[in-house]
Structure formats: C-alpha cells, structure tokens
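The structure appears below as structure tokens.
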Protein chains: 2
Amino acid sequence: MFYDPKLHPEELLPLLGYCNKMAPMSEGLVNDLCKYAVIKLFKKDDLILKPGMVANYASWILKGLVRSYYLKEGEEITTKFLWDSATITSIYSFYSRKPGNEYIMALEDTMLACFHYDHMQQLYKDHEEFNIIGRITTERYLFFLEIELYNLRKQKAEDRYHFFVKHFPHLLQRVPLKYIATYLGMNLETLSRIRGKRGTH
Amino acid sequence: MFYDPKLHPEELLPLLGYCNKMAPMSEGLVNDLCKYAVIKLFKKDDLILKPGMVANYASWILKGLVRSYYLKEGEEITTKFLWDSATITSIYSFYSRKPGNEYIMALEDTMLACFHYDHMQQLYKDHEEFNIIGRITTERYLFFLEIELYNLRKQKAEDRYHFFVKHFPHLLQRVPLKYIATYLGMNLETLSRIRGKRGTH
DNA sequence: TTGAGATTTTGACTTATGTCAATTCATTCG
DNA sequence: CGAATGAATTGACATAAGTCAAAATCTCAA
C-alpha cells in the first residue's frame with residue numbers, strides 16, 4: 001500500500017495512482033511528492049500563468065479544463081486545451097528557465113497539483129524511479145504534440161475541424177467556438193461556415 | 001574514464017559523450033549501449049523508414065541529415081528535418097508499437113546509431129540513470145516540437161518562411177526548396193515568390 | 001562539354017479564407 | 001421577466017495562396 005490517506009491529502013490520490021501505474025513508487029517518493037505538491041484552485045476564467053513570468057511550476061490537472069494561448073498582434077492564439085490527468089506548464093519557459101509569452105487560463109473551475117521546478121529536479125535526483133515517470137509523461141506529451149502538428153499541417157480548414165471533432169468531441173461541448181477557431185488556425189466566421197455546411201459534423 | 005576505444009566502436013564516441021553529459025553513465029550502461037547499438041549507413045536519398053512498418057528503432061544521428069514526411073493525397077508533406085546529434089524515429093509508431101504512415105529519408109549520406117525498442121526498454125530497466133537520459137532527450141524533443149508548432153500557427157506564409165530562415169539558416173543551403181515548401185505548409189511557387197521579394201531573406 | 005532531367009522561377013487565373021459589418025441567438029443578472 | 005452583454009451566424013467583398021502551364025536555371029553524368 002503506497003498511499004496512506006491519514007498522511008496525505010486525499011485530493012492527490014488520482015495523481016498518485018496515475019504515477020504508480022507508470023512505475024511503482026517507493027514510500028519515500030510518495031511522501032516527497034505529497035510534500036512538494038501545492039494544491040491550487042482556480043475559478044472559471046482565472047489566469048493560471050501570465051506572460052513575462054518564468055513558469056516555475058509544472059502542474060497536474062486534478063479536475064477541470066484549461067486553455068493556453070498567446071497574443072499575436074493583439075489577437076489570442078489558442079495553443080492547447082488540457083483537462084483531467086494532463087500536465088500543464090509553459091514548455092518553453094519551464095525548461096529554458098526564461099520568461100515566456102504564454103497565458104494559461106481556466107475554462108472551468110480547476111484544481112491543480114503544482115510542482116516547483118526546483119522540487120522536480122530534487123525528485124529526479126533523490127528518486128531514480130521518478131525519472132521513469134518523468135520520461136513516460138514527457139513521451140505522452142510528445143505523442144500528443146505530434147498529433148497536433150499533424151493536424152495543423154492539413155491545409156484545408158475543413159479537414160482540421162473534422163479531425164478535431166473526431167478526436168476531441170467532448171471539447172465541442174465544453175469550449176466556446178471562438179477559442180476552437182484560433183486553436184485550429186482559422187477565424188470564427190470560417191469555423192461557423194464549416195459547421196453550417198452539414199449539421200454539427 | 002567511461003569509454004574504452006579498445007572495447008567500443010569509435011563511431012559511438014560522440015553519442016557516448018552526449019549521453020554522459022546528461023547523466024554520468026556507469027561502465028555497465030556504456031557497455032550495454034555499445035552492445036545494443038546497431039550502426040547503419042545510408043546513402044543520399046535512401047529510405048530509412050517506410051510506412052506500414054512498425055518503427056522498431058530509435059536512432060541517433062552520428063552524421064548526416066534526414067527528412068521525414070508522409071503522403072497526403074499523393075503529395076509529400078515534410079514533417080521534420082533532423083541532423084547530427086538529433087534523435088529520429090516515428091514517434092507515433094515507436095511508442096504505440098503500431099505501423100505508422102511516415103517515411104524517413106536520408107538527404108545526405110547518413111550514419112545512425114540505432115536502438116531497438118526492446119533494447120531501449122531493457123536499458124531503462126537495467127540502468128535507472130538511463131531514464132534520466134531518456135527523459136532529457138524527450139524534453140529536448142518536446143521543446144523542438146513546440147517551436148515547430150508555434151511557427152506553423154503563424155498564418156502568413158511569409159512569416160513562416162522568415163522564422164525558418166532565422167532559426168535554420170544552414171538548412172537553406174542543404175535542403176532543396178521543394179522540401180522546405182511542404183515543411184512550411186505552402187507550395188513551391190509560393191515559397192519561390194516570397195524569396196523573390198527581397199534577396200534570399 | 002553537352003544535354004537530359006531535376007529544380008526553381010514566372011505568369012495568368014481560380015479559390016479558400018480573411019475582414020468587416022450587420023443580424024440573430026444565448027446567457028446572465030438586475 | 002427583460003434588458004444587456006457576449007457568442008455565433010450570415011452577407012458582401014478583399015486578398016493570400018493554390019493551380020496549372022511554360023520558361024528559365026541548375027546539376028550531374030556520359
């Protein structure tokens with residue numbers, strides 16, 4: 001039994017289970033994970049990260065939905081939607097340790113388990129098996145980015161939309177179209193016309 | 001001294017140095033790396049990977065330049081250029097263990113150090129410090145993909161080209177324009193017109 | 001050196017998507 | 001409930017980029 005509800009905050013249970021599936025964790029690692037985890041709550045439309053700051057935390061989404069975006073000539077360009085069990089941070093800023101240009105915003109009430117960069121490094125150093133978890137998590141993210149890249153390379157706006165519908169149908173219900181439009185690299189009117197062509201699909 | 005040229009093929013030296021910088025490697029790990037590494041040589045225009053096959057190898061480029069692409073309605077869509085010290089495989093196929101749709105082709109004479117999927121898993125299992133190397137390598141790849149994504153999201157073809165020139169100027173000399181065009185999501189004529197506007201930049 | 005094939009450029013025309021403005025629809029809050 | 005704000009749709013028009021064809025240029029092997 002790697003998890004003791006008397007010792008650790010109950011909210012972390014899904015995260016611990018998730019990690020433990022990738023690599024069985026020692027009691028010491030579980031303790032340190034719980035020690036370092038900072039649980040943060042955000043309301044719908046709260047900003048989790050702003051540009052100009054170094055992203056010091058990588059966070060695991062315990063509950064909720066977020067969107068990351070940046071400004072291009074005053075316009076918001078959505079780069080990602082992430083929900084339960086996903087990891088969020090500004091990749092660029094977190095790994096380069098420099099201020100980034102990304103916003104991250106809660107699209108629904110969201111609960112995060114946040115880990116400071118220094119604590120992450122400490123965990124990697126103190127618990128070799130945590131490198132397995134880090135590696136697999138990063139591989140999964142990689143996998144996800146490849147899919148995104150693949151879709152963005154479709155030149156037809158319509159193809160990109162259909163791909164999105166097929167792979168993330170639940171997001172259609174949870175995310176305003178204006179955000180989906182910039183995520184798919186088209187403007188709202190174009191998206192609206194594509195959708196109008198034939199039902200919602 | 002972690003590396004003994006009497007025991008290990010000389011070609012692997014750059015790879016070993018590269019890995020050792022991420023995490024000091026035990027003698028056992030160095031030996032296993034060398035034992036599992038398969039050195040492969042490809043001539044310009046040779047195919048390294050074809051669709052329909054499971055990508056069983058992740059490879060480290062010892063020397064050369066490759067391009068990966070897939071076919072979309074008969075047309076080649078270039079997804080990556082990778083050169084010395086980079087890692088190549090079909091992310092999708094390698095991690096999912098399913099046949100992929102990617103081609104990888106040598107654009108110059110290329111030498112690879114190839115590691116079989118099963119051997120990689122064995123290395124992760126037998127040498128915990130290899131997970132550090134795996135994690136960092138994957139993080140770097142992630143970083144690179146984020147940059148690619150960022151650029152693809154620029155809607156103006158001209159912006160994408162300028163970004164490419166700024167970040168990969170050496171590729172302009174080494175890669176035919178027709179490949180760069182599909183990589184940047186535009187057709188050859190459009191690229192040519194952009195370049196014609198004002199010098200090569 | 002020459003010439004065949006590949007690569008790149010240029011031109012004329014088409015088309016998909018962007019832009020801006022007006023309108024409809026939905027949601028929230030007093 | 002009904003006004004007000006924001007979200008989504010629709011229309012008219014502008015423009016960036018695609019398509020197809022032809023010409024120019026480059027490259028490499030005989």
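For the structure tokens, the naming scheme is as follows: chains receive sequential letters (A, B, ...) according to their order of presentation, residues are indexed from 1 within each chain, and ligands are indexed from 1 in presentation order.
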
Identify every residue of chain A that has at least one atom within 6 Å of any atom of chain B, counting only C-alpha atoms, and report the result as a list in words.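 Output check: Asn131, Ile132, Arg135 and Leu142 of chain A.
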
Output the contact residues of chain C with respect to chain B at a cut-off of 12 Å, based on only C-alpha atoms (C1' of nucleotides), as a PDB file with C-alpha atoms (C1' of nucleotides), in the first residue's frame.
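out.pdb written:
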```pdb
ATOM      1  C1'  DA C   6      15.504  17.961 -61.989  1.00  0.00           C
ATOM      2  C1'  DT C   7      14.782  22.297 -59.708  1.00  0.00           C
ATOM      3  C1'  DT C   8      13.240  26.888 -59.487  1.00  0.00           C
ATOM      4  C1'  DT C   9      11.042  30.938 -61.304  1.00  0.00           C
ATOM      5  C1'  DT C  10       7.424  33.481 -63.539  1.00  0.00           C
ATOM      6  C1'  DG C  11       2.717  34.342 -65.314  1.00  0.00           C
ATOM      7  C1'  DT C  17     -10.165  32.025 -46.280  1.00  0.00           C
ATOM      8  C1'  DG C  18      -9.891  36.566 -44.056  1.00  0.00           C
TER       9       DG C  18
END
```

Define the interface residues of chain D facing chain B as those within 12 Å, counting only C-alpha atoms (C1' of nucleotides), and report them as an MDAnalysis selection string. chainID D and resid 15:20 26

For segment 55-67 of chain A, work out the shell of residues within 8 Å, counting only C-alpha atoms (C1' of nucleotides) and skipping chain neighbours fewer than 4 positions away, then give it as a PyMOL selection string. chain A and resi 11-12+14-15+49+78-90+93-94+97-100+104-117

Could you pull out the helix (DSSP H, G or I) residues of segment 4-109 of chain A from DSSP and send them as number ranges by chain? A: 10-22, 27-36, 91-96
